Every structure is written in structure tokens, then in C-alpha cells.
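K.L.:
Pasting a structure below so you can have a look.
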Amino acid sequence: MSTSFFSNPAMLAPPAVVKQDLPEGGFLLSSPEPLGEVTRCIGDWLEHWAQATPNALFLAERDAEGEWVKLTYAEVREKIGALAQGLLDSGLEENATVVCLSDNSLDQALLMFATMHIGRSFTAITSAYSRLAKEYSKIAGILNELQPGLIYAADGAVYGPAIRAAGLSCPVVLSHNAYSVATARSFAELTRAKETPAVMEAFRRITPDTHAKYLLTSGSTGKPKVVINTHRMLCANQQQILQTWTFLREEKPVIVSWLPWSHTFGTNHNLNMALCNGGSFYIDEGRPVPGLMEKSVRNLREVQPNLYFNVPKGFDALIAFLEEDVGFARDFFGRIRGVFYAAAALPQATWDRLERSAKSVLGESVWFTAAWGATETSPLITNVHWQLEGPGCIGLPAPGTRIKFLPNNSKLEMRVQGPQVFPGYLNNPEQTAKAFDEDGFYLIGDAGLLLDPERPEKGILFNGRVAEDFKLTTGTWVSVGTLRVKAVTALSPWVQDVVVTGHDGDEVGLLVFPSPAGKALEPAQLAAHLREGMGKLKAAGGGSSQSPRRALVLDEPPSMDAGEITDKGYINQGAVLKRRAAQVQLLHTKPRTDAVIVCG
């Protein structure tokens, strides 16, 4: 499907915004459209669709033999009723949270919805803390802080050591190898409970302020903070999406996604979108890495989703397959209504390659869309609901949302208010107080500007993190967000992303994450292409602050688990600079080493 689908103006809400000027160059943006009725709780969606479309597919994942295991809305409702009863029978208290340590799965989805159906909270923690860690102090600290009422993991053989390291006495449920943890129960056993009226009694006690989920921040600058997600937040966010992407009333979403449910994008945005609108969600066991991306390609080819969501790393991997296999491109774009990218992270070169691939099989462009948000905003704050001319725009405030723009050094800091904004961090009043200004706006820490100050309805441009920018010893400010996108475009297709360096130095440098095309080159060839790209940036003008003079190619890709990729889908400058301090020092040491690529 192509952009012709959206030639019908009823498919997308028209772009509109109200701008109110503030003293000293600041302003407020808000949607002129009031927020519609917000569902009381997540479970109301499931109850509705289980009655309205009981035989419609909701969830699917592949089994060990590679066959799809599919569950309809009626089947999901039946299974979560049994699980909810099992949780009640186990004595799960109202203020307790169920913690999941493993990756996306049908069992996790069912347990998550069952937990929320009886007014308890669910916490998904990135599996790397338990699965890949060399020692378990971090996950043990998190679990001891949360004091879960129940811990779940897919496999006791894999996650048992982390569970034991925490030293907690709470119940443990495991889908496989339950014998690996003393006193653990099997997931199958929990599903054998028979639902009683107690489940719906607990369901009816849920209010919009009931805690639905806890999600952890990346913790890249210290101990992770636990973000409270209420039912009101999550339900309001989907209502905001529905009022801007009005086509969802006409066509139910079909989504294939690998994005982890320990992050707000994968769970609150994507999974909840399928549930809210009676759509279908296929759990993708693939990943955007060699050997696993092939699984994602197989799933996308077979299912042919109508909405596709990804982060930059995922798009880089996808494009390579689209360009190499016209048959896959035809299958992938066959039913696509929209391709959603992390607006802050998509370089022009990536946009162009996606568009060329779409045009090669459709004869015209596909609709590219984007949004902006955070874990603390469940996640969407702004949304794109019109045709874009290029990347960078993050849309306009969703209904019921206000964004305050305030001058901060060389940027405009954005602050957020709306029903999707969190009430605070769990058991952390000090950090909660620091998160809001005197008017109750959330201090998200991002910067933005209007695409056209005379026509604010054209949207907001993302302008990096407020704290990312730095000065050279010459006193010149380096706009990191602006330079990063320029650099990735100039160095395309050889780089996946870059991190800008040079704090307290006299010249700008780049830590380079090479793309698959870049990795395929000999080091000398890649170095030559990087010198050429840096030369283009110098020739384009902008002075020393926008002309990196040196670069260092990194062997290890950015890690989402280590916080190097944010929930918003872009590189976390601070986390990368801290984690790779040795490489930063090497890049700027004089005299330089042979590993450093210099543009004369």
C-alpha cells in the first residue's frame, strides 16, 4: 500500500496547533483538539474485543518447530482469566508487582495482561541484566528494591542464577526447567486454575490511577529509576494516537515486532496499539543482527504487517535485505500503511534508501511517520499525522498535551504536561520532585524548535538533548544533535551512527559505529570514505563546531541493554561517552595513533 491510501483526508487528523508566546522568547504549544473519552483500564480493551471479535487473532509467536502458535481474543481472555485466578490463589497482594526477567513471549504477554487485569502491576526488566551479566549485583539490587510479589522467567536454566543471587523468598514461576530454582512452579501449573468471580471483582476495583506497570530507566548515569505507569497514562496515550491516526478506526493494526517489552516503545506503544484497536501482534524472535535478522525477514514476508515500527539499528539491517531482494521488498511493502521511525535518529540517507526501495515496488512513496516521547510519558507526546517531506520532524502535541519551550543556552528546552505523563518514580520522592518544574511540567531534557516559526502547524524538529551540547576551547558551542544527523548523512552508507566528541577540546571528533556496508570494507577503504565524508562537512561550512576533524571506528555496536540506545530510539551520547571513555581519550590524544582517521 502506498501514500495514496492517505489521499482520503479522513485517514489522518489534519495538522493543527495552538501557540502561546511566553516571556523571554519561550512559548507553549498545545493541540486544539480536546482529548476524547479515556478507557478506565487496559483490561477494558481485552474485555471489549473478546466479546466483539472473539475469533480475531490477537497474539502469535513461533514454537520450537518454527510454526505459528496463534491465540484469538477469546482464547487470550480465557487464559488470562485462569492466570489471574492463579495469581490471586498464590496470595499476590494488591500493592505487589510481578517481575519478568526474560524476553518477549506469549507466556509473558499472558502473565502481564493477567496481572494488570486484577489491579496488580507488572515489571519487565531487560533480560541482559540476568542473561548476559557476568555477575548479578545489578539485577539483585533492582529486585531487592522492587520487592516483587512474584518473579517470572522463561527458562530456569538461563535465569535461575540471577534469581538465586537476589536471595528473595517470593514465589517464582518458570515456563521451562522449573526444577532449576528450588520451590519454583511451572507456568503451566499456574494456568490450570479455574477462574472464579474474584477475578472480575478485582478487575472492577481498578481505577485510572491504579499502577499498571513499572518500567526502568536505562540507568546509564547511575542506578535505574522505576517509572510508575498508571492505567490512565497508558489508556490516554492510545486515545491520543487514535485521534491523530484516525485510519485505525477503519483498519486494525497488524504488527510484527521484536522491540523488547522492557522498553516503553515495544510494549506501551506497539503492543498496546494492537490491543486497543483489536489488532494482531506477532512476536518476532528475530533481531537486527547477523543470523537473527533473517528470522525477522521471514516473519515480515509471511505476515505482511500494515504498520512497521523500528529503531535505527533495525532499519539499517532491514534496508540491506530490501535492497538485495526485490521479492522481499514487494512482500514487505505489500500491505504497509505506515513506516514508523525514531524521528530523532533517522538520517536523510536512510530515509532516501527506504523511499527508493518502496518506489521500486510500489511506484510511489510509502507514508513515513514518527513521534517523540519517553518512558515517563507512556510514551507518546507528539505524533506525525500528515505527509512529511523528510526526516527530523517529531510531529505536533497529541490531544490533551502541552509542551513548554524555554531558552536554555543555545537551545529551546521542551517540557511536557498531559494525562500521559507519569506521577513519579516509585519510592523516590527526591527524584520525583526534580522531574517537574514549578508549573507541573515534566523536565524531559530534550530540545526542539519549530520547523517554520511562522507556521507552527508544520511541526517540531528534534534538536538533541539539552545537556549534550558542549563548548570547544575556542568558546564555540557544538550542537551535537544537529551535527550527528549531518555526519551520518555525509558518511552514508558506511556508518550506522556516530557519537560526537571534543568536550573541553579544540576540535570535534566522531566515534563511528560502522554499518554492514562499512564493516564489509577493508579498514583502509573505510578510512578513505570517512575522510571523504568529513571533507564534505567541512566544505559545507558551519565552522569548526560542525566540522569533525578526526574519527575512530568502533568494533562493538551500540547496546540498548547498556543504555547506549535510548527508549526514544536514538544514541545516548552520555552513556556512550562514559562507557567508551578509553576510546574517546584515544581519539583525542596527541600525537594520534594509527587507529584515528584524520581529515586534513
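We label chains A, B, ... in the order they appear in the C-alpha cells, count residues from 1 in each chain, and number ligands from 1 in the order shown.
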Return as number ranges by chain the full set of residues in range 149-236 of chain A whose backbone-based DSSP assignment is helix (DSSP H, G or I).
P.N.:
A: 156-166, 178-180, 187-191, 197-204, 231-236
K.L.:
Find the residues near range 434-445 of chain A: any atom within 9 Å, counting only C-alpha atoms, skip ones fewer than 6 places away on the same chain, and give them as a PyMOL selection string.
P.N.:
chain A and resi 373-374+376-377+402-404+413-418+421-422+424+464-467
K.L.:
Rounded to one decimal place, report the CA of Phe340 in chain A-CA of Glu454 in chain A distance in Å.
P.N.:
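A separation of 27.0 Å between them.
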K.L.:
Quick one, how far is CA of Asp506 in chain A from CA of Thr473 in chain A?
P.N.:
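Distance between the two atoms: 5.2 Å.
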K.L.:
Nearest to Lys213 in chain A among A:Ile283, A:Val311, A:Cys41, A:Val173, with distances taken over only C-alpha atoms: which residue is it?
P.N.:
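Checking each candidate against Lys213 in chain A, we get A:Cys41 as the closest.
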K.L.:
Which residue, A:Thr401, A:Leu346, A:Gly563, A:Ala317, has the smallest gap to Lys223 in chain A when you use only C-alpha atoms?
P.N.:
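Of A:Thr401, A:Leu346, A:Gly563, A:Ala317, the one nearest Lys223 in chain A, counting only C-alpha atoms, is A:Gly563.
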K.L.:
Counting only C-alpha atoms, which residues of range 294-407 of chain A sit at most 7 Å from some atom of range 247-271 of chain A, and what is each one's closest atom pair with its distance in Å to one decimal, listed by chain and rising residue number, as a tab-separated table?
P.N.:
residue	atom	partner	partner_atom	distance
A:Leu300	CA	A:Val256	CA	6.7
A:Pro305	CA	A:Val254	CA	4.9
A:Asn306	CA	A:Val254	CA	5.5
A:Leu307	CA	A:Ile255	CA	5.8
A:Tyr308	CA	A:Ile255	CA	6.5
A:Thr375	CA	A:Thr264	CA	5.4
A:Ser378	CA	A:Asn268	CA	6.2
A:Pro379	CA	A:Thr264	CA	6.1
K.L.:
Got a sec: who's within 12 Å of Thr210 in chain A, counting only C-alpha atoms, leaving out chain neighbours fewer than 5 positions off, as a PyMOL selection string?
P.N.:
chain A and resi 40-42+94-96+116-122+202-205+228-235+422-423
K.L.:
Write down as a ChimeraX atom specification the residues belonging to range 290-483 of chain A that are assigned strand (DSSP E or B) by DSSP computed on the backbone.
P.N.:
/A:307-309,338-342,367-373,380-383,393-397,402-408,411-417,425,436,442,446-450,460-465,470-471,477-478
K.L.:
Which one of A:Ala562, A:Arg455, A:Pro171, A:Thr489 sits closest to Lys138 in chain A if you count only C-alpha atoms?
P.N.:
A:Ala562
K.L.:
Fewer than 5 positions away in the same chain doesn't count, so skip those; otherwise give me all residues within 12 Å of Gly327 in chain A, counting only C-alpha atoms, as a list in words.
P.N.:
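Surrounding residues, per the criterion: Val297, Arg298, Leu300, Arg301, Glu302, Phe321, Leu322, Phe332, Phe333, Gly334, Ser357, Ala358, Ser360 and Val361 of chain A.
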K.L.:
Leaving out Ile319 in chain A and any residue of its chain fewer than 5 positions from it, which residues lie within 10 Å of it when counting only C-alpha atoms, given as a ChimeraX atom specification?
P.N.:
/A:314,324-325,329,350,353-354,357
K.L.:
Could you give me, as a list in words, the residues within 8 Å of Val480 in chain A, counting only C-alpha atoms and dropping anything in the same chain fewer than 4 positions from it?
P.N.:
Gly464, Glu468, Asp469, Phe470, Arg484 and Val500 of chain A
K.L.:
Near Ala517 in chain A, within 8 Å and counting only C-alpha atoms, which residues show up once chain neighbours fewer than 4 positions away are dropped, as a ChimeraX atom specification?
P.N.:
/A:493-495,521
K.L.:
What is the distance, in Å and to one decimal place, between CA of Asn55 in chain A and CA of Ala188 in chain A?
P.N.:
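Between CA of Asn55 in chain A and CA of Ala188 in chain A the gap works out to 23.3 Å.
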K.L.:
Quick one: of A:Ala320, A:Leu554, A:Ala178, A:Val303, who's nearest to Glu61 in chain A, counting only C-alpha atoms?
P.N.:
A:Val303
K.L.:
When you count only C-alpha atoms, which of these residues is closest to Ala398 in chain A: A:Val596, A:Ala198, A:Asn237, A:Leu451?
P.N.:
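Ranked by minimum distance to Ala398 in chain A, first place goes to A:Asn237.
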